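Peer 1: Sharing my_file08.txt here; it has compact mmCIF, C-alpha atoms and all ligand atoms.
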# COMPACT_ATOMS: atom_id res chain seq x y z
CA MET A 1 21.77 171.25 58.42
CA GLY A 2 20.84 168.76 61.13
CA LEU A 3 20.43 169.33 64.81
CA LEU A 4 23.17 167.36 66.54
CA TYR A 5 22.46 168.32 70.14
CA GLU A 6 20.13 170.57 72.11
CA GLY A 7 21.36 171.62 75.55
CA LYS A 8 20.03 173.99 78.19
CA ALA A 9 21.50 177.13 76.62
CA LYS A 10 22.64 176.21 73.12
CA LYS A 11 21.98 174.00 70.11
CA LEU A 12 24.63 172.40 67.94
CA PHE A 13 24.06 171.81 64.24
CA THR A 14 26.17 169.94 61.69
CA THR A 15 27.43 171.90 58.68
CA ASP A 16 28.64 170.78 55.27
CA ASP A 17 32.14 170.64 56.77
CA SER A 18 32.34 167.58 59.05
CA ASP A 19 34.96 169.31 61.25
CA VAL A 20 32.77 172.39 61.84
CA LEU A 21 29.56 172.87 63.85
CA ARG A 22 27.11 175.75 64.08
CA MET A 23 26.44 176.78 67.66
CA GLU A 24 23.13 178.56 68.30
CA PHE A 25 22.68 180.52 71.53
CA LYS A 26 19.18 180.17 72.99
CA ASP A 27 17.13 182.59 75.10
CA GLU A 28 16.41 179.95 77.74
CA ALA A 29 18.09 180.23 81.13
CA THR A 30 18.49 177.56 83.78
CA ALA A 31 20.04 177.51 87.23
CA PHE A 32 20.55 175.04 90.06
CA ASN A 33 20.98 172.08 87.70
CA ALA A 34 17.90 173.15 85.67
CA GLN A 35 15.57 173.19 88.70
CA LYS A 36 14.99 176.89 87.97
CA LYS A 37 14.08 177.81 84.39
CA SER A 38 13.13 180.93 82.52
CA GLU A 39 13.42 182.63 79.15
CA PHE A 40 14.92 186.06 78.52
CA GLU A 41 14.46 187.96 75.28
CA ASP A 42 17.83 188.59 73.60
CA LYS A 43 19.86 186.40 75.96
CA GLY A 44 21.04 184.33 72.99
CA LYS A 45 22.13 187.46 71.12
CA LEU A 46 23.92 188.94 74.12
CA ASN A 47 25.74 185.72 75.05
CA LYS A 48 26.78 185.08 71.46
CA ALA A 49 28.18 188.59 71.10
CA ILE A 50 29.97 188.45 74.47
CA THR A 51 31.43 184.99 73.77
CA LEU A 52 32.65 186.12 70.33
CA LEU A 53 34.34 189.21 71.74
CA ILE A 54 36.06 187.31 74.53
CA TYR A 55 37.13 184.44 72.26
CA LYS A 56 38.62 186.87 69.72
CA MET A 57 40.46 188.66 72.52
CA LEU A 58 41.78 185.32 73.88
CA GLU A 59 42.86 184.21 70.39
CA SER A 60 44.75 187.51 70.00
CA LYS A 61 46.64 186.61 73.20
CA GLY A 62 47.61 183.19 71.82
CA VAL A 63 44.89 181.06 73.48
CA GLY A 64 43.73 178.27 71.14
CA THR A 65 39.94 178.09 70.92
CA HIS A 66 37.25 176.33 68.90
CA LEU A 67 36.13 179.58 67.25
CA VAL A 68 35.92 179.47 63.45
CA ALA A 69 33.67 182.38 62.40
CA ASP A 70 30.80 184.65 63.28
CA VAL A 71 27.55 183.80 61.47
CA ASP A 72 24.68 186.03 62.62
CA ASP A 73 22.97 187.40 65.75
CA ILE A 74 22.79 184.09 67.56
CA ASN A 75 25.13 181.69 65.72
CA LEU A 76 28.85 180.98 65.63
CA LEU A 77 30.79 178.42 63.62
CA VAL A 78 33.09 176.35 65.83
CA LYS A 79 35.52 173.48 65.36
CA LYS A 80 33.88 170.21 66.29
CA VAL A 81 35.69 168.86 69.34
CA ASP A 82 35.37 165.96 71.76
CA ILE A 83 34.47 167.81 74.92
CA LEU A 84 36.42 166.67 77.98
CA LEU A 85 33.93 165.80 80.70
CA VAL A 86 35.97 167.88 83.13
CA GLU A 87 34.60 171.37 83.75
CA VAL A 88 37.30 173.75 84.89
CA ILE A 89 36.31 176.41 87.41
CA VAL A 90 38.61 179.29 88.29
CA ARG A 91 37.94 181.45 91.34
CA ASN A 92 39.50 184.78 92.27
CA VAL A 93 36.96 185.76 94.95
CA ALA A 94 34.81 183.54 97.19
CA ALA A 95 31.23 183.08 95.94
CA GLY A 96 28.63 180.50 94.99
CA SER A 97 29.29 176.86 95.79
CA PHE A 98 32.73 177.65 97.24
CA SER A 99 31.23 179.88 99.92
CA LYS A 100 28.47 177.36 100.59
CA ARG A 101 30.85 174.42 100.79
CA VAL A 102 33.50 175.84 103.11
CA GLY A 103 31.77 178.79 104.78
CA VAL A 104 34.07 181.53 103.47
CA LYS A 105 32.06 184.73 103.09
CA GLU A 106 31.07 185.81 99.57
CA GLY A 107 33.39 188.58 98.40
CA THR A 108 36.51 187.36 100.21
CA PRO A 109 39.38 187.77 97.72
CA PHE A 110 41.91 184.94 97.27
CA LYS A 111 45.67 185.55 97.40
CA GLN A 112 46.08 183.17 94.44
CA PRO A 113 43.40 181.92 92.07
CA ILE A 114 41.79 178.58 92.91
CA VAL A 115 41.38 176.14 90.03
CA GLU A 116 38.99 173.24 90.54
CA PHE A 117 37.49 170.49 88.41
CA SER A 118 33.99 169.14 88.29
CA TYR A 119 32.61 166.10 86.49
CA LYS A 120 30.43 167.32 83.60
CA SER A 121 27.35 165.25 84.38
CA ASP A 122 23.92 166.82 84.88
CA GLU A 123 22.74 163.47 86.21
CA HIS A 124 25.23 163.68 89.09
CA GLY A 125 24.94 167.46 89.56
CA ASP A 126 28.43 168.29 88.21
CA PRO A 127 30.24 167.12 91.37
CA LEU A 128 33.65 168.42 92.45
CA ILE A 129 36.43 166.00 91.45
CA ASN A 130 40.23 165.96 91.45
CA ASP A 131 43.01 164.61 89.20
CA ASP A 132 42.75 161.12 90.70
CA TYR A 133 39.00 160.95 89.97
CA ALA A 134 39.63 162.18 86.42
CA ARG A 135 42.31 159.54 85.87
CA GLU A 136 40.30 156.66 87.35
CA MET A 137 37.13 157.68 85.51
CA GLY A 138 39.05 157.97 82.23
CA LEU A 139 38.08 161.64 81.86
CA ALA A 140 41.64 162.98 81.53
CA THR A 141 45.18 161.85 82.30
CA TYR A 142 47.30 163.54 85.00
CA GLU A 143 49.21 165.36 82.26
CA GLU A 144 45.98 166.57 80.70
CA CYS A 145 44.71 167.77 84.10
CA GLU A 146 47.89 169.78 84.49
CA GLU A 147 47.49 171.14 80.95
CA LEU A 148 43.90 172.20 81.73
CA ARG A 149 45.03 173.92 84.92
CA GLN A 150 47.81 175.79 83.14
CA LYS A 151 45.56 176.88 80.28
CA ALA A 152 42.89 177.97 82.78
CA ARG A 153 45.39 180.09 84.72
CA VAL A 154 46.53 181.85 81.53
CA ILE A 155 42.90 182.48 80.48
CA ASN A 156 42.17 183.81 83.97
CA ASP A 157 45.14 186.22 83.86
CA VAL A 158 44.13 187.56 80.46
CA MET A 159 40.46 187.88 81.37
CA ILE A 160 41.10 189.55 84.75
CA ASP A 161 42.96 192.36 82.96
CA PHE A 162 40.42 192.64 80.14
CA PHE A 163 37.42 192.85 82.49
CA LYS A 164 39.27 195.25 84.79
CA GLU A 165 39.63 197.67 81.88
CA CYS A 166 35.84 197.43 81.56
CA GLY A 167 35.30 198.24 85.23
CA LEU A 168 34.37 194.64 86.05
CA LYS A 169 35.79 192.26 88.63
CA LEU A 170 36.15 188.66 87.42
CA VAL A 171 34.99 186.73 90.49
CA ASP A 172 34.89 183.22 89.02
CA PHE A 173 34.09 181.33 85.83
CA LYS A 174 33.62 177.89 84.30
CA ILE A 175 35.28 176.80 81.08
CA GLU A 176 35.28 173.65 78.99
CA PHE A 177 37.95 172.19 76.77
CA GLY A 178 37.79 169.78 73.86
CA ARG A 179 40.10 167.66 71.74
CA THR A 180 40.10 168.65 68.09
CA THR A 181 38.81 165.95 65.76
CA ASP A 182 40.41 167.21 62.51
CA GLY A 183 43.57 165.17 63.08
CA SER A 184 45.52 167.89 64.90
CA ASP A 185 44.53 166.31 68.26
CA ILE A 186 45.09 169.33 70.45
CA ILE A 187 43.15 170.58 73.45
CA VAL A 188 41.39 173.89 72.80
CA LEU A 189 39.03 176.11 74.75
CA ALA A 190 35.42 175.32 73.76
CA ASP A 191 31.81 176.15 74.65
CA GLU A 192 31.00 179.73 75.75
CA ILE A 193 32.27 182.47 78.05
CA SER A 194 29.43 184.79 79.04
CA PRO A 195 27.58 186.13 82.09
CA ASP A 196 25.93 182.67 82.20
CA THR A 197 29.32 181.13 82.99
CA CYS A 198 31.19 183.93 84.80
CA ARG A 199 30.54 185.99 87.90
CA LEU A 200 31.23 189.65 87.13
CA TRP A 201 30.85 192.46 89.64
CA ASP A 202 31.02 196.19 88.97
CA ILE A 203 34.36 197.26 90.45
CA GLU A 204 32.97 200.54 91.85
CA THR A 205 29.60 199.46 93.23
CA GLY A 206 29.97 195.69 93.64
CA GLU A 207 26.76 195.25 91.65
CA LYS A 208 26.32 191.75 90.19
CA MET A 209 26.13 191.80 86.38
CA ASP A 210 25.81 188.06 85.70
CA LYS A 211 23.52 185.05 86.09
CA ASP A 212 23.38 185.54 89.86
CA ARG A 213 20.76 188.20 89.04
CA PHE A 214 18.61 185.30 87.84
CA ARG A 215 19.70 182.81 90.51
CA GLU A 216 19.03 185.29 93.31
CA ASP A 217 15.98 187.02 91.76
CA LEU A 218 17.73 190.39 91.78
CA GLY A 219 15.92 191.57 88.64
CA GLY A 220 17.29 193.30 85.53
CA VAL A 221 18.99 190.12 84.32
CA MET A 222 19.32 191.17 80.67
CA GLU A 223 20.20 194.74 81.69
CA GLY A 224 23.23 193.26 83.44
CA TYR A 225 24.23 191.20 80.40
CA ALA A 226 23.70 194.18 78.06
CA SER A 227 25.89 196.33 80.28
CA VAL A 228 28.66 193.70 80.14
CA LEU A 229 28.46 193.64 76.32
CA LYS A 230 28.48 197.44 76.05
CA ARG A 231 31.54 197.71 78.29
CA LEU A 232 33.37 195.01 76.31
CA GLN A 233 32.49 196.68 72.99
CA ASP A 234 33.69 200.06 74.26
CA GLN A 235 36.94 198.45 75.37
CA ALA A 236 37.65 196.22 72.32
P1 LIG A 301 24.39 171.71 78.41
O1 LIG A 301 24.87 170.58 77.54
O2 LIG A 301 25.11 171.73 79.73
O3 LIG A 301 22.91 171.80 78.52
P2 LIG A 301 24.59 173.88 76.44
O4 LIG A 301 23.14 174.11 76.26
O5 LIG A 301 25.47 175.07 76.54
O6 LIG A 301 24.94 173.04 77.74
O7 LIG A 301 25.03 172.95 75.27
C1 LIG A 301 26.16 173.09 74.52
C2 LIG A 301 26.90 171.77 74.51
O8 LIG A 301 27.85 171.77 73.45
C3 LIG A 301 27.68 171.54 75.79
O9 LIG A 301 27.42 170.23 76.28
C4 LIG A 301 29.14 171.68 75.36
O10 LIG A 301 29.99 170.84 76.10
C5 LIG A 301 29.10 171.29 73.91
N1 LIG A 301 30.12 171.94 73.07
C6 LIG A 301 30.59 173.20 73.20
N2 LIG A 301 31.49 173.48 72.23
C7 LIG A 301 31.58 172.37 71.45
C8 LIG A 301 32.34 172.04 70.28
N3 LIG A 301 33.18 172.91 69.73
N4 LIG A 301 32.19 170.79 69.77
C9 LIG A 301 31.34 169.91 70.34
N5 LIG A 301 30.59 170.16 71.43
C10 LIG A 301 30.70 171.38 71.99
N1 LIG A 302 29.32 177.57 86.38
C1 LIG A 302 28.81 177.30 85.12
N2 LIG A 302 28.21 176.09 84.90
C2 LIG A 302 28.10 175.14 85.86
C3 LIG A 302 28.64 175.43 87.14
C4 LIG A 302 29.22 176.65 87.36
O1 LIG A 302 28.90 178.12 84.23
O2 LIG A 302 27.56 174.06 85.59
C5 LIG A 302 29.97 178.87 86.63
C6 LIG A 302 29.13 179.78 87.50
O3 LIG A 302 28.34 180.65 86.72
C7 LIG A 302 30.19 180.56 88.26
C8 LIG A 302 31.37 179.58 88.36
O4 LIG A 302 31.16 178.62 87.35
O5 LIG A 302 30.62 181.68 87.52
C9 LIG A 302 31.45 178.91 89.71
O6 LIG A 302 30.22 178.33 90.03
P1 LIG A 302 29.95 177.65 91.43
O7 LIG A 302 30.79 176.41 91.55
O8 LIG A 302 30.11 178.65 92.52
O9 LIG A 302 28.51 177.08 91.33
P2 LIG A 302 27.07 177.70 91.41
O10 LIG A 302 27.08 178.90 92.26
O11 LIG A 302 26.73 177.95 89.98
O12 LIG A 302 26.30 176.56 92.00
Please re-express this file's structure in structure tokens.
Ligand code: ADP
Ligand code: UDP
Peer 2:
Amino acid sequence: MGLLYEGKAKKLFTTDDSDVLRMEFKDEATAFNAQKKSEFEDKGKLNKAITLLIYKMLESKGVGTHLVADVDDINLLVKKVDILLVEVIVRNVAAGSFSKRVGVKEGTPFKQPIVEFSYKSDEHGDPLINDDYAREMGLATYEECEELRQKARVINDVMIDFFKECGLKLVDFKIEFGRTTDGSDIIVLADEISPDTCRLWDIETGEKMDKDRFREDLGGVMEGYASVLKRLQDQA
């Protein structure tokens, strides 16, 4: 079936069901708004398997997602949704752009999770926005912003516990949501959840197991991802 969209990490294909897309996970990796690029053998496989495991776990806890079915090593079937151009970032520990922006040292734990929004626009570098921006830009209503925040907090609570059982600390992550297009018109979790989109540190050693290995040239990028998958599989 036809290629609908090719992004930095995935491709979307139409299927013979107009409400369903095939999502292919690629081996390419990008960071810093695609200024840094590379390719890692098996990244697509690892991220597909990790996303599937996490989505199934979230579904089992009552979180509505776009997941339809597993296909093969690198493909999932997902409900076609209209992606909200609001990326939701949840932080439990200071890192990345938070530390850079406000000068709080990486690794500082938060008393309560921080939920923030950014405008999903590569052209503008995914800038930080708030509910007023989202409303004025027609990205989401106030009520929808609140819904995204609530859903993100639930997903965070569930994932913190799940990763903890695997010996991993969930530092922060980015998620996307979409409106279903099959007439049900609900907001579901979409896109992926993987070491590309989460920061995960080994609880014992503090070792980074996620895309920061690529961003910071720490080496062993796929070894980190493979270790995350193995831990999740052992736990599931
Ligand atoms: P990017 O677009 O940032 O380069 P990807 O390479 O991951 O990112 O591309 C996947 C694209 O598919 C993203 O833009 C994402 O918002 C979109 N997407 C994810 N899930 C769905 C879905 N269920 N329906 C439609 N689009 C989706
Ligand atoms: N993130 C992501 N895609 C983005 C921006 C961020 O998946 O376009 C993830 C990132 O991997 C991290 C979290 O969201 O787990 C918070 O990222 P941050 O804002 O600190 O930005 P970064 O350090 O990636 O610049």
Peer 1: Taking all atoms listed in the file into account, which of A:Leu77, A:Val102, A:Ala190, A:Ala95 comes nearest ligand LIG 302 (chain A)?
Peer 2: A:Ala95
Peer 1: Show me, as an MDAnalysis selection string, the residues that have an atom within 12 Å of Gly107 of chain A when counting all atoms listed in the file, minus same-chain residues fewer than 3 positions from it.
Peer 2: chainID A and resid 91:96 98:99 103:104 110 169:172 199:201 203 206:208
Peer 1: Of the candidates A:Asp196, A:Glu144, A:Asp210, A:Asp234, which shows the shortest atom-to-atom distance to Asp27 of chain A, using all atoms listed in the file?
Peer 2: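 Of A:Asp196, A:Glu144, A:Asp210, A:Asp234, the one nearest Asp27 of chain A, counting all atoms listed in the file, is A:Asp196.
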Peer 1: From the set A:Gly44, A:Gly183, A:Pro113, A:Gly167, which residue has the shortest atom-to-atom contact distance to Tyr225 of chain A, counting all atoms listed in the file?
Peer 2: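 Closest residue, counting all atoms listed in the file: A:Gly44.
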Peer 1: Out of A:Tyr119, A:Leu218, A:Ile54, A:Val86, which residue has the shortest atom-to-atom distance to Cys198 of chain A when counting all atoms listed in the file?
Peer 2: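 Going through A:Tyr119, A:Leu218, A:Ile54, A:Val86 one by one, the smallest distance to Cys198 of chain A is for A:Ile54.
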Peer 1: Which of these, A:Met1, A:Val71, A:Val158, A:Val78, has the shortest distance to ligand LIG 301 (chain A) once you count all atoms listed in the file?
Peer 2: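 Smallest distance to ligand LIG 301 (chain A) is found for A:Val78.
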Peer 1: Taking into account all atoms listed in the file, which residue in the set A:Ala152, A:Cys145, A:Met23, A:Leu128 is nearest to ligand LIG 302 (chain A)?
Peer 2: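 Comparing A:Ala152, A:Cys145, A:Met23, A:Leu128 against ligand LIG 302 (chain A), the winner is A:Leu128.
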Peer 1: Counting only C-alpha atoms and all ligand atoms, what residues are within 6 Å of ligand LIG 301 (chain A), given as a list in words?
Peer 2: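 Answer in the requested format: Gly7, Lys8, Ala9, Lys10, His66, Val78, Lys79, Lys80, Val81, Asp82, Ile83, Ala190 and Asp191 of chain A.
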Peer 1: With 8 Å added on each side, what axis-aligned box encloses every listed atom of segment 196-209 of chain A? Give the centre and edge lengths in Å to one decimal, as AutoDock Vina command-line options.
Peer 2:
--center_x 30.1 --center_y 190.8 --center_z 87.9 --size_x 24.4 --size_y 35.4 --size_z 27.4
Peer 1: Select all residues near (30.8, 192.3, 71.2) (cut-off 6 Å, inclusive, file coordinates), counting only C-alpha atoms, and output them as a list in words.
Peer 2: Ala49, Ile50, Leu53, Leu229 and Gln233 of chain A
Peer 1: The residues within 10 Å of (35.4, 186.8, 72.0), using all atoms listed in the file and the coordinates of the file, should be reported as an MDAnalysis selection string; which are they?
Peer 2: chainID A and resid 48:60 65 67 192:194 232 236
Peer 1: Which value, in Å to one decimal, gives the distance between atom CA of Glu146 of chain A and atom CA of Asp131 of chain A?
Peer 2: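 Taking atom CA of Glu146 of chain A and atom CA of Asp131 of chain A, their separation equals 8.5 Å.
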Peer 1: For a test of reading the model, state the distance in Å between atom CA of Lys151 of chain A and atom CA of Val63 of chain A, rounded to one decimal.
Peer 2: 8.0 Å
Peer 1: Env of Leu84 of chain A: 10 Å cut, atoms = all atoms listed in the file, seq-sep filter 3 positions within chain, self excluded. Answer as a VMD selection string.
Peer 2: chain A and resid 81 87 to 88 119 to 120 139 to 140 144 176 to 179 187 190
Peer 1: Rounded to one decimal place, report the atom CA of Tyr5 of chain A-atom CA of Glu39 of chain A distance in Å.
Peer 2: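 About the pair atom CA of Tyr5 of chain A and atom CA of Glu39 of chain A: they are 19.2 Å apart.
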Peer 1: Some atoms are missing, so please complete segment 36-69 of chain A with N, CA and C atoms and return it as a PDB file, in the coordinates of the input.
Peer 2:
ATOM      1  N   LYS A  36      15.598 175.585  88.212  1.00  0.00           N
ATOM      2  CA  LYS A  36      14.990 176.890  87.970  1.00  0.00           C
ATOM      3  C   LYS A  36      15.149 177.212  86.487  1.00  0.00           C
ATOM      4  N   LYS A  37      14.033 177.571  85.845  1.00  0.00           N
ATOM      5  CA  LYS A  37      14.080 177.810  84.390  1.00  0.00           C
ATOM      6  C   LYS A  37      13.357 179.093  84.045  1.00  0.00           C
ATOM      7  N   SER A  38      13.829 179.756  83.004  1.00  0.00           N
ATOM      8  CA  SER A  38      13.130 180.930  82.520  1.00  0.00           C
ATOM      9  C   SER A  38      13.584 181.214  81.088  1.00  0.00           C
ATOM     10  N   GLU A  39      12.985 182.231  80.482  1.00  0.00           N
ATOM     11  CA  GLU A  39      13.420 182.630  79.150  1.00  0.00           C
ATOM     12  C   GLU A  39      13.582 184.144  79.151  1.00  0.00           C
ATOM     13  N   PHE A  40      14.660 184.629  78.549  1.00  0.00           N
ATOM     14  CA  PHE A  40      14.920 186.060  78.520  1.00  0.00           C
ATOM     15  C   PHE A  40      15.135 186.501  77.076  1.00  0.00           C
ATOM     16  N   GLU A  41      14.316 187.463  76.642  1.00  0.00           N
ATOM     17  CA  GLU A  41      14.460 187.960  75.280  1.00  0.00           C
ATOM     18  C   GLU A  41      15.879 188.503  75.088  1.00  0.00           C
ATOM     19  N   ASP A  42      16.491 188.112  73.986  1.00  0.00           N
ATOM     20  CA  ASP A  42      17.830 188.590  73.600  1.00  0.00           C
ATOM     21  C   ASP A  42      18.988 187.968  74.366  1.00  0.00           C
ATOM     22  N   LYS A  43      18.726 187.019  75.261  1.00  0.00           N
ATOM     23  CA  LYS A  43      19.860 186.400  75.960  1.00  0.00           C
ATOM     24  C   LYS A  43      20.801 185.713  74.965  1.00  0.00           C
ATOM     25  N   GLY A  44      20.209 185.020  73.982  1.00  0.00           N
ATOM     26  CA  GLY A  44      21.040 184.330  72.990  1.00  0.00           C
ATOM     27  C   GLY A  44      21.949 185.316  72.253  1.00  0.00           C
ATOM     28  N   LYS A  45      21.357 186.439  71.836  1.00  0.00           N
ATOM     29  CA  LYS A  45      22.130 187.460  71.120  1.00  0.00           C
ATOM     30  C   LYS A  45      23.270 188.005  71.970  1.00  0.00           C
ATOM     31  N   LEU A  46      22.927 188.336  73.221  1.00  0.00           N
ATOM     32  CA  LEU A  46      23.920 188.940  74.120  1.00  0.00           C
ATOM     33  C   LEU A  46      25.055 187.955  74.404  1.00  0.00           C
ATOM     34  N   ASN A  47      24.688 186.703  74.718  1.00  0.00           N
ATOM     35  CA  ASN A  47      25.740 185.720  75.050  1.00  0.00           C
ATOM     36  C   ASN A  47      26.592 185.365  73.839  1.00  0.00           C
ATOM     37  N   LYS A  48      25.973 185.344  72.661  1.00  0.00           N
ATOM     38  CA  LYS A  48      26.780 185.080  71.460  1.00  0.00           C
ATOM     39  C   LYS A  48      27.779 186.207  71.247  1.00  0.00           C
ATOM     40  N   ALA A  49      27.298 187.440  71.356  1.00  0.00           N
ATOM     41  CA  ALA A  49      28.180 188.590  71.100  1.00  0.00           C
ATOM     42  C   ALA A  49      29.295 188.664  72.140  1.00  0.00           C
ATOM     43  N   ILE A  50      28.958 188.385  73.398  1.00  0.00           N
ATOM     44  CA  ILE A  50      29.970 188.450  74.470  1.00  0.00           C
ATOM     45  C   ILE A  50      31.003 187.329  74.280  1.00  0.00           C
ATOM     46  N   THR A  51      30.509 186.118  73.992  1.00  0.00           N
ATOM     47  CA  THR A  51      31.430 184.990  73.770  1.00  0.00           C
ATOM     48  C   THR A  51      32.374 185.295  72.606  1.00  0.00           C
ATOM     49  N   LEU A  52      31.823 185.822  71.513  1.00  0.00           N
ATOM     50  CA  LEU A  52      32.650 186.120  70.330  1.00  0.00           C
ATOM     51  C   LEU A  52      33.755 187.117  70.674  1.00  0.00           C
ATOM     52  N   LEU A  53      33.353 188.178  71.360  1.00  0.00           N
ATOM     53  CA  LEU A  53      34.340 189.210  71.740  1.00  0.00           C
ATOM     54  C   LEU A  53      35.446 188.653  72.609  1.00  0.00           C
ATOM     55  N   ILE A  54      35.061 187.855  73.597  1.00  0.00           N
ATOM     56  CA  ILE A  54      36.060 187.310  74.530  1.00  0.00           C
ATOM     57  C   ILE A  54      36.942 186.278  73.812  1.00  0.00           C
ATOM     58  N   TYR A  55      36.332 185.446  72.987  1.00  0.00           N
ATOM     59  CA  TYR A  55      37.130 184.440  72.260  1.00  0.00           C
ATOM     60  C   TYR A  55      38.130 185.112  71.317  1.00  0.00           C
ATOM     61  N   LYS A  56      37.692 186.161  70.629  1.00  0.00           N
ATOM     62  CA  LYS A  56      38.620 186.870  69.720  1.00  0.00           C
ATOM     63  C   LYS A  56      39.773 187.473  70.526  1.00  0.00           C
ATOM     64  N   MET A  57      39.437 188.061  71.666  1.00  0.00           N
ATOM     65  CA  MET A  57      40.460 188.660  72.520  1.00  0.00           C
ATOM     66  C   MET A  57      41.444 187.583  72.988  1.00  0.00           C
ATOM     67  N   LEU A  58      40.911 186.415  73.413  1.00  0.00           N
ATOM     68  CA  LEU A  58      41.780 185.320  73.880  1.00  0.00           C
ATOM     69  C   LEU A  58      42.660 184.807  72.741  1.00  0.00           C
ATOM     70  N   GLU A  59      42.070 184.653  71.555  1.00  0.00           N
ATOM     71  CA  GLU A  59      42.860 184.210  70.390  1.00  0.00           C
ATOM     72  C   GLU A  59      44.011 185.187  70.136  1.00  0.00           C
ATOM     73  N   SER A  60      43.714 186.495  70.257  1.00  0.00           N
ATOM     74  CA  SER A  60      44.750 187.510  70.000  1.00  0.00           C
ATOM     75  C   SER A  60      45.879 187.428  71.025  1.00  0.00           C
ATOM     76  N   LYS A  61      45.610 186.794  72.167  1.00  0.00           N
ATOM     77  CA  LYS A  61      46.640 186.610  73.200  1.00  0.00           C
ATOM     78  C   LYS A  61      47.267 185.219  73.113  1.00  0.00           C
ATOM     79  N   GLY A  62      46.961 184.493  72.047  1.00  0.00           N
ATOM     80  CA  GLY A  62      47.610 183.190  71.820  1.00  0.00           C
ATOM     81  C   GLY A  62      46.892 181.994  72.429  1.00  0.00           C
ATOM     82  N   VAL A  63      45.659 182.187  72.922  1.00  0.00           N
ATOM     83  CA  VAL A  63      44.890 181.060  73.480  1.00  0.00           C
ATOM     84  C   VAL A  63      44.171 180.343  72.330  1.00  0.00           C
ATOM     85  N   GLY A  64      44.397 179.053  72.197  1.00  0.00           N
ATOM     86  CA  GLY A  64      43.730 178.270  71.140  1.00  0.00           C
ATOM     87  C   GLY A  64      42.291 177.981  71.520  1.00  0.00           C
ATOM     88  N   THR A  65      41.357 178.298  70.632  1.00  0.00           N
ATOM     89  CA  THR A  65      39.940 178.090  70.920  1.00  0.00           C
ATOM     90  C   THR A  65      39.258 177.370  69.747  1.00  0.00           C
ATOM     91  N   HIS A  66      38.003 177.005  69.956  1.00  0.00           N
ATOM     92  CA  HIS A  66      37.250 176.330  68.900  1.00  0.00           C
ATOM     93  C   HIS A  66      36.628 177.308  67.895  1.00  0.00           C
ATOM     94  N   LEU A  67      36.813 178.593  68.107  1.00  0.00           N
ATOM     95  CA  LEU A  67      36.130 179.580  67.250  1.00  0.00           C
ATOM     96  C   LEU A  67      36.590 179.499  65.788  1.00  0.00           C
ATOM     97  N   VAL A  68      35.618 179.453  64.886  1.00  0.00           N
ATOM     98  CA  VAL A  68      35.920 179.470  63.450  1.00  0.00           C
ATOM     99  C   VAL A  68      35.463 180.795  62.832  1.00  0.00           C
ATOM    100  N   ALA A  69      34.187 181.146  63.023  1.00  0.00           N
ATOM    101  CA  ALA A  69      33.670 182.380  62.400  1.00  0.00           C
ATOM    102  C   ALA A  69      32.360 182.807  63.045  1.00  0.00           C
TER     103      ALA A  69
END
